[in-house]
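Engineer: The structure follows.
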Amino acid sequence: GELARLEEERGRRRLACPLPVAPPPPPPAPPERRAEAPPPPPQRRELPQERWDRGDLAMLEGCWRNTAEMTTIDSATRQRNPLRSWQMCFDRNGRGRQSLVWVDGQRCEGPIQASFDGPRMQISEPQRCEGRRWLYTGRQECVRINDNEAECTRTQTDGPGAGVRSVGRFRR
């Protein structure tokens with residue numbers, strides 16, 4: 001009987017006790033204040049229209065890539081040799097050197113000279129590009145596309161392929 005009385009007493013006490021109030025949820029964390037990223041610097045204009053129009057060779061100073069999808073053909077073996085890279089480096093007066101590298105690692109180097117003829121830039125190759133593999137001389141005529149690239153058409157000027165043309169993009 002004593003046990004029943006204690007359980008009943010315990011039940012009454014439970015009902016008499018207020019339920020604990022749940023603490024309020026914490027306030028939401030303030031949104032993270034991220035430092036705003038600075039705006040990207042303005043894109044460098046490598047071939048600005050006003051300098052191109054003036055025929056300013058100094059804007060060419062430094063190295064450029066010609067992205068021509070060019071394949072040369074060995075005149076002795078008739079083997080096709082795709083080009084991997086073509087770099088042209090100029091001084092402030094438009095004088096420079098070109099370096100071509102084929103997919104098989106062969107390379108050649110030779111002098112180049114840039115000039116302007118009205119709105120077109122000319123790049124002449126007065127000598128063959130020489131190395132274990134070589135390239136006949138040529139002349140490129142380039143038309144400005146935008147502030148960072150020009151389209152150049154190269155015409156081979158000597159050898160069995162004289163007159164053959166290839167088109168590439170000239171950019172940093």
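Letters A, B, ... mark the chains of the structure tokens in the order given; residue numbers begin at 1 per chain; ligand numbers begin at 1, in order shown.
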Quick one: residues within 12 Å of Ile73 (chain A), only C-alpha atoms counted, chain neighbours fewer than 3 positions away excluded, as a list in words?
Structural biologist: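 Residues near the query, excluding close chain neighbours: Met70, Ala76, Thr77, Arg78, Gln79, Arg80, Asn81, Pro82, Leu83, Trp102, Arg133, Trp134, Leu135, Tyr136, Gly159, Pro160, Gly161 and Val164 of chain A.
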Engineer: Would you output that residue set with all heavy atoms, as a compact mmCIF listing (two decimals), in the first residue's frame?
Structural biologist:
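Saved the output as selection28.txt:
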```txt
# COMPACT_ATOMS: atom_id res chain seq x y z
N MET A 70 49.58 25.49 -88.93
CA MET A 70 50.42 25.31 -90.11
C MET A 70 51.13 23.97 -90.06
O MET A 70 51.54 23.50 -89.00
CB MET A 70 51.45 26.44 -90.18
CG MET A 70 52.17 26.47 -91.50
SD MET A 70 53.05 28.03 -91.75
CE MET A 70 54.60 27.67 -91.00
N ALA A 76 62.37 17.16 -99.44
CA ALA A 76 63.12 15.97 -99.84
C ALA A 76 62.31 14.69 -99.56
O ALA A 76 62.25 13.79 -100.40
CB ALA A 76 64.45 15.91 -99.10
N THR A 77 61.69 14.61 -98.38
CA THR A 77 61.01 13.36 -97.99
C THR A 77 59.49 13.42 -98.18
O THR A 77 58.83 12.39 -98.08
CB THR A 77 61.28 13.05 -96.50
OG1 THR A 77 60.66 14.07 -95.71
CG2 THR A 77 62.76 12.96 -96.22
N ARG A 78 58.94 14.60 -98.41
CA ARG A 78 57.50 14.83 -98.52
C ARG A 78 56.76 14.56 -97.21
O ARG A 78 55.55 14.46 -97.17
CB ARG A 78 56.86 14.01 -99.65
CG ARG A 78 57.50 14.17 -101.01
CD ARG A 78 57.63 15.57 -101.52
NE ARG A 78 56.33 16.24 -101.68
CZ ARG A 78 56.18 17.56 -101.76
NH1 ARG A 78 57.22 18.35 -101.71
NH2 ARG A 78 55.00 18.09 -101.89
N GLN A 79 57.51 14.47 -96.11
CA GLN A 79 56.91 14.24 -94.79
C GLN A 79 56.21 15.52 -94.33
O GLN A 79 56.75 16.62 -94.45
CB GLN A 79 57.98 13.85 -93.76
CG GLN A 79 57.42 13.65 -92.38
CD GLN A 79 58.51 13.29 -91.37
OE1 GLN A 79 59.63 12.93 -91.75
NE2 GLN A 79 58.17 13.37 -90.10
N ARG A 80 54.99 15.36 -93.78
CA ARG A 80 54.22 16.49 -93.25
C ARG A 80 54.66 16.72 -91.80
O ARG A 80 54.74 15.78 -91.03
CB ARG A 80 52.73 16.21 -93.33
CG ARG A 80 52.27 16.00 -94.78
CD ARG A 80 50.81 15.65 -94.86
NE ARG A 80 49.95 16.75 -94.46
CZ ARG A 80 49.64 17.80 -95.20
NH1 ARG A 80 50.13 17.90 -96.41
NH2 ARG A 80 48.84 18.76 -94.75
N ASN A 81 54.91 17.97 -91.45
CA ASN A 81 55.40 18.33 -90.11
C ASN A 81 54.53 19.43 -89.52
O ASN A 81 54.68 20.60 -89.88
CB ASN A 81 56.86 18.80 -90.19
CG ASN A 81 57.75 17.75 -90.80
OD1 ASN A 81 57.92 16.68 -90.25
ND2 ASN A 81 58.32 18.05 -91.96
N PRO A 82 53.61 19.08 -88.61
CA PRO A 82 52.75 20.12 -88.00
C PRO A 82 53.53 20.99 -87.03
O PRO A 82 54.42 20.52 -86.31
CB PRO A 82 51.66 19.33 -87.28
CG PRO A 82 52.11 17.92 -87.22
CD PRO A 82 53.24 17.74 -88.19
N LEU A 83 53.18 22.25 -87.02
CA LEU A 83 53.83 23.23 -86.15
C LEU A 83 53.17 23.21 -84.77
O LEU A 83 51.95 23.13 -84.66
CB LEU A 83 53.64 24.61 -86.79
CG LEU A 83 54.56 25.73 -86.32
CD1 LEU A 83 56.00 25.39 -86.65
CD2 LEU A 83 54.17 27.01 -87.03
N TRP A 102 58.25 22.64 -84.09
CA TRP A 102 57.34 21.64 -84.63
C TRP A 102 56.97 20.65 -83.54
O TRP A 102 57.63 20.56 -82.49
CB TRP A 102 57.99 20.93 -85.82
CG TRP A 102 57.96 21.75 -87.08
CD1 TRP A 102 57.03 21.69 -88.07
CD2 TRP A 102 58.91 22.75 -87.49
NE1 TRP A 102 57.32 22.60 -89.05
CE2 TRP A 102 58.48 23.26 -88.73
CE3 TRP A 102 60.07 23.28 -86.93
CZ2 TRP A 102 59.15 24.25 -89.42
CZ3 TRP A 102 60.74 24.27 -87.61
CH2 TRP A 102 60.29 24.74 -88.85
N ARG A 133 65.50 21.99 -88.94
CA ARG A 133 64.42 22.11 -89.92
C ARG A 133 64.36 23.59 -90.25
O ARG A 133 64.69 24.41 -89.42
CB ARG A 133 63.11 21.62 -89.31
CG ARG A 133 61.98 21.63 -90.30
CD ARG A 133 60.77 20.88 -89.79
NE ARG A 133 61.04 19.46 -89.71
CZ ARG A 133 60.57 18.67 -88.75
NH1 ARG A 133 59.82 19.15 -87.79
NH2 ARG A 133 60.85 17.39 -88.75
N TRP A 134 63.91 23.96 -91.40
CA TRP A 134 63.87 25.37 -91.76
C TRP A 134 62.58 25.70 -92.48
O TRP A 134 61.83 24.82 -92.89
CB TRP A 134 65.09 25.79 -92.58
CG TRP A 134 65.47 24.83 -93.66
CD1 TRP A 134 66.31 23.79 -93.55
CD2 TRP A 134 64.99 24.83 -94.99
NE1 TRP A 134 66.40 23.11 -94.74
CE2 TRP A 134 65.59 23.74 -95.65
CE3 TRP A 134 64.12 25.62 -95.70
CZ2 TRP A 134 65.34 23.42 -96.98
CZ3 TRP A 134 63.87 25.32 -97.03
CH2 TRP A 134 64.48 24.23 -97.65
N LEU A 135 62.36 26.99 -92.63
CA LEU A 135 61.15 27.49 -93.27
C LEU A 135 61.57 28.48 -94.35
O LEU A 135 62.39 29.35 -94.11
CB LEU A 135 60.30 28.20 -92.20
CG LEU A 135 58.96 28.77 -92.64
CD1 LEU A 135 57.99 27.63 -92.95
CD2 LEU A 135 58.38 29.62 -91.51
N TYR A 136 61.00 28.31 -95.55
CA TYR A 136 61.27 29.27 -96.62
C TYR A 136 60.84 30.67 -96.18
O TYR A 136 60.00 30.81 -95.30
CB TYR A 136 60.52 28.89 -97.90
CG TYR A 136 61.13 27.72 -98.63
CD1 TYR A 136 60.50 26.48 -98.63
CD2 TYR A 136 62.32 27.86 -99.34
CE1 TYR A 136 61.05 25.39 -99.30
CE2 TYR A 136 62.87 26.78 -100.02
CZ TYR A 136 62.24 25.55 -100.00
OH TYR A 136 62.80 24.49 -100.67
N GLY A 159 61.05 29.19 -102.78
CA GLY A 159 60.96 27.73 -102.71
C GLY A 159 59.81 27.18 -103.54
O GLY A 159 59.08 27.92 -104.20
N PRO A 160 59.64 25.85 -103.49
CA PRO A 160 58.62 25.21 -104.31
C PRO A 160 57.18 25.60 -103.93
O PRO A 160 56.29 25.49 -104.74
CB PRO A 160 58.85 23.71 -104.10
CG PRO A 160 59.67 23.60 -102.87
CD PRO A 160 60.41 24.88 -102.71
N GLY A 161 56.99 26.07 -102.73
CA GLY A 161 55.65 26.46 -102.31
C GLY A 161 55.41 27.96 -102.39
O GLY A 161 54.51 28.47 -101.72
N VAL A 164 52.10 30.00 -101.53
CA VAL A 164 51.20 29.29 -100.60
C VAL A 164 50.90 30.20 -99.42
O VAL A 164 51.79 30.87 -98.90
CB VAL A 164 51.83 27.95 -100.12
CG1 VAL A 164 51.02 27.34 -99.00
CG2 VAL A 164 51.96 26.99 -101.29
```
Engineer: Find the residues near Cys142 (chain A): any atom within 7 Å, counting only C-alpha atoms, skip ones fewer than 6 places away on the same chain, and give them as a ChimeraX atom specification.
Structural biologist: /A:120-122,150-153
Engineer: Write out the residues from the selection above, keeping N, CA, C and O atoms, as a short mmCIF file (atom, residue, chain, number, x, y, z; two decimals), in the first residue's frame.
Structural biologist:
```cif
data_model
loop_
_atom_site.label_atom_id
_atom_site.label_comp_id
_atom_site.auth_asym_id
_atom_site.auth_seq_id
_atom_site.Cartn_x
_atom_site.Cartn_y
_atom_site.Cartn_z
N ARG A 120 47.39 48.21 -92.54
CA ARG A 120 47.88 46.82 -92.46
C ARG A 120 49.31 46.78 -91.95
O ARG A 120 50.14 47.58 -92.34
N MET A 121 49.54 45.83 -91.06
CA MET A 121 50.90 45.61 -90.57
C MET A 121 51.53 44.52 -91.43
O MET A 121 50.90 43.50 -91.72
N GLN A 122 52.77 44.75 -91.81
CA GLN A 122 53.53 43.79 -92.60
C GLN A 122 54.63 43.21 -91.72
O GLN A 122 55.28 43.95 -90.99
N ALA A 150 45.39 40.37 -84.00
CA ALA A 150 45.30 40.68 -85.42
C ALA A 150 45.27 39.36 -86.18
O ALA A 150 45.74 38.34 -85.68
N GLU A 151 44.69 39.38 -87.36
CA GLU A 151 44.70 38.19 -88.20
C GLU A 151 45.79 38.39 -89.25
O GLU A 151 45.81 39.42 -89.92
N CYS A 152 46.69 37.41 -89.34
CA CYS A 152 47.82 37.53 -90.26
C CYS A 152 47.77 36.44 -91.32
O CYS A 152 47.58 35.26 -91.00
N THR A 153 47.94 36.84 -92.56
CA THR A 153 48.03 35.89 -93.66
C THR A 153 49.47 35.87 -94.12
O THR A 153 50.02 36.90 -94.52
#
```
Engineer: Which residues are close to Gln43 (chain A), i.e. within 10 Å by only C-alpha atoms, leaving aside same-chain residues fewer than 3 positions away? Reply as a count of residues only.
Structural biologist: 4
Engineer: Calculate how many Å separate CA of Pro48 (chain A) from CA of Gly118 (chain A), rounding to one decimal.
Structural biologist: 15.3 Å
Engineer: Would you mind writing down, as an MDAnalysis selection string, each residue of region 129-171 of chain A that DSSP on the backbone assigns to strand (DSSP E or B)?
Structural biologist: chainID A and resid 129:131 135 138:146 149:156 165:171
Engineer: Just to be explicit: take each residue in the selection above, keep N, CA and C atoms, and write the result as a compact mmCIF listing (two decimals), in the first residue's frame.
Structural biologist:
```txt
# COMPACT_ATOMS: atom_id res chain seq x y z
N CYS A 129 64.12 30.83 -91.93
CA CYS A 129 64.18 30.45 -90.52
C CYS A 129 65.05 29.20 -90.50
N GLU A 130 66.22 29.27 -89.84
CA GLU A 130 67.20 28.18 -89.90
C GLU A 130 67.27 27.36 -88.63
N GLY A 131 67.53 26.08 -88.79
CA GLY A 131 67.71 25.14 -87.69
C GLY A 131 67.85 23.76 -88.31
N LEU A 135 62.36 26.99 -92.63
CA LEU A 135 61.15 27.49 -93.27
C LEU A 135 61.57 28.48 -94.35
N GLY A 138 59.04 34.34 -96.12
CA GLY A 138 57.65 34.69 -96.33
C GLY A 138 57.39 36.13 -95.92
N ARG A 139 56.16 36.53 -96.11
CA ARG A 139 55.72 37.88 -95.75
C ARG A 139 54.32 37.72 -95.17
N GLN A 140 54.10 38.37 -94.02
CA GLN A 140 52.79 38.32 -93.41
C GLN A 140 52.12 39.68 -93.53
N GLU A 141 50.83 39.65 -93.80
CA GLU A 141 50.04 40.87 -93.84
C GLU A 141 48.96 40.70 -92.76
N CYS A 142 48.94 41.65 -91.82
CA CYS A 142 48.06 41.53 -90.65
C CYS A 142 47.03 42.64 -90.60
N VAL A 143 45.82 42.26 -90.25
CA VAL A 143 44.71 43.19 -90.10
C VAL A 143 44.28 43.14 -88.64
N ARG A 144 44.18 44.30 -88.01
CA ARG A 144 43.77 44.37 -86.60
C ARG A 144 42.33 43.88 -86.45
N ILE A 145 42.10 42.97 -85.50
CA ILE A 145 40.75 42.46 -85.23
C ILE A 145 40.14 43.21 -84.04
N ASN A 146 40.95 43.35 -82.98
CA ASN A 146 40.49 44.06 -81.78
C ASN A 146 41.73 44.55 -81.03
N GLU A 149 44.35 41.38 -80.69
CA GLU A 149 44.80 40.43 -81.71
C GLU A 149 44.60 40.96 -83.12
N ALA A 150 45.39 40.37 -84.00
CA ALA A 150 45.30 40.68 -85.42
C ALA A 150 45.27 39.36 -86.18
N GLU A 151 44.69 39.38 -87.36
CA GLU A 151 44.70 38.19 -88.20
C GLU A 151 45.79 38.39 -89.25
N CYS A 152 46.69 37.41 -89.34
CA CYS A 152 47.82 37.53 -90.26
C CYS A 152 47.77 36.44 -91.32
N THR A 153 47.94 36.84 -92.56
CA THR A 153 48.03 35.89 -93.66
C THR A 153 49.47 35.87 -94.12
N ARG A 154 50.09 34.70 -94.03
CA ARG A 154 51.50 34.54 -94.44
C ARG A 154 51.53 33.98 -95.85
N THR A 155 52.33 34.60 -96.69
CA THR A 155 52.53 34.12 -98.05
C THR A 155 54.00 33.74 -98.18
N GLN A 156 54.24 32.48 -98.58
CA GLN A 156 55.62 32.03 -98.79
C GLN A 156 56.16 32.72 -100.03
N ARG A 165 49.64 30.21 -98.99
CA ARG A 165 49.21 31.08 -97.90
C ARG A 165 48.73 30.26 -96.71
N SER A 166 48.95 30.84 -95.53
CA SER A 166 48.38 30.27 -94.30
C SER A 166 47.93 31.44 -93.44
N VAL A 167 46.88 31.21 -92.67
CA VAL A 167 46.28 32.27 -91.85
C VAL A 167 46.43 31.91 -90.39
N GLY A 168 46.78 32.91 -89.58
CA GLY A 168 46.91 32.71 -88.14
C GLY A 168 46.50 33.95 -87.38
N ARG A 169 46.46 33.81 -86.07
CA ARG A 169 46.15 34.94 -85.19
C ARG A 169 47.43 35.39 -84.50
N PHE A 170 47.61 36.68 -84.40
CA PHE A 170 48.79 37.30 -83.79
C PHE A 170 48.31 37.89 -82.47
N ARG A 171 48.85 37.37 -81.33
CA ARG A 171 48.43 37.87 -80.02
C ARG A 171 49.53 37.61 -79.00
```
